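Asker: I have a structure I would like to understand better, so I am pasting it below and will then ask my questions one at a time.
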Amino acid sequence: MSTASAGPLSGYVLEVVRNDRSTTLWWGEGADGGDVVATRSGRVLTWTSPEACFAAAAVEGWDVAHDEATRMDLTPVLEWLARRRALDAAAALNAWNLAGDMARSTRTPWGDRGRVADACHDKLTVACIPWLVGQDDRSPRWTVTEERYLRKRVGAAVALFDQQVAGRRHLRP
């Protein structure tokens, strides 16, 4: 396995917040056109802060698409999974998509395709971007099967994130 860094040569500093903790990743489009995060030796690279990631991007020669970090808060997903709040479609979609990007980057099986999976992902997408289907607002109605699958998939997304970044030593610039 190579110890070289892999990932987008052009991208964004992504600060992922989870409760009161944050982890910073380098994220962008990969060579195949799909979104990926930076990795080394098959593991997601993390930084202690957006500033540290910006410094690493300068050292690595990565093209920074935005001068400000993009912030993704997964706390609403954790609260929904714990049944303490209603579903936040944007947080759920972000968790699902980030996990897919991390899985693609690390070659970890993800398996989020199929009739129910596609219906759930489509509903989350339309809830977040209703103008895609010519609406001003859209609150999806979930079948029992879809909600069960959504809880399983979003829970798997959080677990994959934890597996890749929780308790990891961060890189220093």
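Here's how to read the names in the structure tokens: chain A, B, ... by the order shown, residue numbers from 1 in each chain, ligand numbers from 1 in the order shown.
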Taking only segment 25-121 of chain A into account, list the residues labelled helix (DSSP H, G or I) by DSSP (computed from the backbone), as a ChimeraX atom specification.
Answerer: /A:50-60,75-81,89-106,115-121
Asker: Output C-alpha atoms of each residue in that selection to a file, as a CSV table (one decimal), in the first residue's frame.
Answerer:
chain,number,residue,atom,x,y,z
A,50,PRO,CA,-9.2,24.7,8.9
A,51,GLU,CA,-6.1,26.8,9.2
A,52,ALA,CA,-3.9,23.7,9.5
A,53,CYS,CA,-5.6,22.2,6.4
A,54,PHE,CA,-5.1,25.4,4.4
A,55,ALA,CA,-1.4,25.3,5.4
A,56,ALA,CA,-1.1,21.7,4.3
A,57,ALA,CA,-2.8,22.5,1.0
A,58,ALA,CA,-0.1,25.2,0.4
A,59,VAL,CA,2.7,22.7,1.2
A,60,GLU,CA,1.1,20.0,-1.0
A,75,THR,CA,-25.0,17.1,15.1
A,76,PRO,CA,-28.6,17.2,13.8
A,77,VAL,CA,-28.1,13.7,12.4
A,78,LEU,CA,-26.8,12.4,15.7
A,79,GLU,CA,-29.8,13.9,17.5
A,80,TRP,CA,-32.2,12.4,14.9
A,81,LEU,CA,-30.6,9.0,15.3
A,89,ALA,CA,-32.7,16.5,5.5
A,90,ALA,CA,-29.6,18.6,4.8
A,91,ALA,CA,-27.6,17.1,7.6
A,92,ALA,CA,-28.7,13.6,6.6
A,93,LEU,CA,-27.9,14.1,3.0
A,94,ASN,CA,-24.5,15.6,3.9
A,95,ALA,CA,-23.7,12.6,6.1
A,96,TRP,CA,-24.7,10.2,3.4
A,97,ASN,CA,-22.8,11.9,0.7
A,98,LEU,CA,-19.7,12.5,2.8
A,99,ALA,CA,-19.6,8.8,3.8
A,100,GLY,CA,-19.9,7.9,0.1
A,101,ASP,CA,-17.0,10.2,-0.7
A,102,MET,CA,-14.9,8.7,2.1
A,103,ALA,CA,-15.7,5.2,1.1
A,104,ARG,CA,-14.8,5.9,-2.5
A,105,SER,CA,-11.5,7.5,-1.3
A,106,THR,CA,-10.5,4.6,0.9
A,115,ARG,CA,-34.7,0.8,-5.1
A,116,VAL,CA,-35.3,1.9,-1.5
A,117,ALA,CA,-31.8,3.6,-1.2
A,118,ASP,CA,-32.4,5.5,-4.4
A,119,ALA,CA,-35.8,6.6,-3.3
A,120,CYS,CA,-34.5,7.9,0.1
A,121,HIS,CA,-31.5,9.7,-1.5
Asker: Extract, using only C-alpha atoms, all DNA, RNA and protein residues at most 6 Å from segment 13-17 of chain A, discarding same-chain residues fewer than 5 positions from it, and format them as a list of chain:residue names.
Answerer: A:Ser22, A:Thr23, A:Thr24, A:Leu25, A:Trp26, A:Ala69, A:Thr70, A:Arg71, A:Met72, A:Asp73, A:Leu74
Asker: Let's have the selection written as a CSV table (one decimal), in the first residue's frame, with C-alpha atoms.
Answerer:
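Result file again.csv:
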chain,number,residue,atom,x,y,z
A,22,SER,CA,-14.7,19.3,14.7
A,23,THR,CA,-12.4,17.5,12.3
A,24,THR,CA,-11.1,19.1,9.1
A,25,LEU,CA,-10.7,17.3,5.8
A,26,TRP,CA,-9.5,18.2,2.3
A,69,ALA,CA,-13.6,26.6,5.0
A,70,THR,CA,-16.9,24.9,4.2
A,71,ARG,CA,-18.6,23.8,7.4
A,72,MET,CA,-20.8,20.7,7.7
A,73,ASP,CA,-22.6,20.1,11.0
A,74,LEU,CA,-23.5,16.4,11.6
Asker: From the DSSP assignment of the backbone, select every residue of chain A that is strand (DSSP E or B), and format the answer as a ChimeraX atom specification.
Answerer: /A:5-6,10-18,21-29,35-37,39-40,43-44,47,63-64,70-73,171
Asker: For the residues in the current selection, export C-alpha atoms as an mmCIF file, in the first residue's frame.
Answerer:
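And here is the file that came out, out14.cif:
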data_model
loop_
_atom_site.group_PDB
_atom_site.id
_atom_site.type_symbol
_atom_site.label_atom_id
_atom_site.label_comp_id
_atom_site.auth_asym_id
_atom_site.auth_seq_id
_atom_site.Cartn_x
_atom_site.Cartn_y
_atom_site.Cartn_z
ATOM 1 C CA SER A 5 -1.179 11.219 -0.318
ATOM 2 C CA ALA A 6 -4.099 10.751 -2.679
ATOM 3 C CA SER A 10 -8.154 21.102 -6.313
ATOM 4 C CA GLY A 11 -10.681 21.277 -3.555
ATOM 5 C CA TYR A 12 -12.061 22.699 -0.368
ATOM 6 C CA VAL A 13 -11.219 22.752 3.286
ATOM 7 C CA LEU A 14 -14.154 20.956 4.937
ATOM 8 C CA GLU A 15 -14.728 21.337 8.670
ATOM 9 C CA VAL A 16 -17.009 18.567 9.921
ATOM 10 C CA VAL A 17 -18.680 19.368 13.248
ATOM 11 C CA ARG A 18 -20.057 16.659 15.458
ATOM 12 C CA ARG A 21 -15.913 18.496 18.210
ATOM 13 C CA SER A 22 -14.675 19.282 14.749
ATOM 14 C CA THR A 23 -12.428 17.524 12.278
ATOM 15 C CA THR A 24 -11.072 19.098 9.132
ATOM 16 C CA LEU A 25 -10.711 17.293 5.794
ATOM 17 C CA TRP A 26 -9.492 18.163 2.303
ATOM 18 C CA TRP A 27 -12.375 17.475 -0.109
ATOM 19 C CA GLY A 28 -12.988 17.918 -3.845
ATOM 20 C CA GLU A 29 -13.390 16.214 -7.199
ATOM 21 C CA ASP A 35 -15.999 13.639 -4.961
ATOM 22 C CA VAL A 36 -13.213 12.348 -2.715
ATOM 23 C CA VAL A 37 -11.283 13.320 0.397
ATOM 24 C CA THR A 39 -6.073 10.022 2.051
ATOM 25 C CA ARG A 40 -2.751 8.468 2.917
ATOM 26 C CA ARG A 43 -6.935 6.328 5.579
ATOM 27 C CA VAL A 44 -8.643 9.709 5.520
ATOM 28 C CA TRP A 47 -6.319 18.236 10.455
ATOM 29 C CA ASP A 63 -5.425 24.383 -5.523
ATOM 30 C CA VAL A 64 -7.790 25.929 -2.965
ATOM 31 C CA THR A 70 -16.892 24.875 4.228
ATOM 32 C CA ARG A 71 -18.631 23.799 7.437
ATOM 33 C CA MET A 72 -20.761 20.654 7.712
ATOM 34 C CA ASP A 73 -22.625 20.057 10.988
ATOM 35 C CA LEU A 171 -1.537 15.994 10.675
#
Asker: Any idea what the distance is between atom CA of Leu87 of chain A and atom CA of Arg151 of chain A?
Answerer: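 About the pair atom CA of Leu87 of chain A and atom CA of Arg151 of chain A: they are 9.8 Å apart.
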Asker: Could you check how far atom CA of Thr46 of chain A sits from atom CA of Ile129 of chain A, in Å to one decimal?
Answerer: 29.1 Å
Asker: Would you compute the distance between atom CA of Thr108 of chain A and atom CA of Asp32 of chain A? Give it in Å to one decimal.
Answerer: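 Between atom CA of Thr108 of chain A and atom CA of Asp32 of chain A the gap is 16.4 Å.
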Asker: With distances taken over only C-alpha atoms, which of A:Leu9, A:Ala159, A:Val144, A:Leu132 is nearest to Gly30 of chain A?
Answerer: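 Under the stated criterion, the closest residue is A:Leu9.
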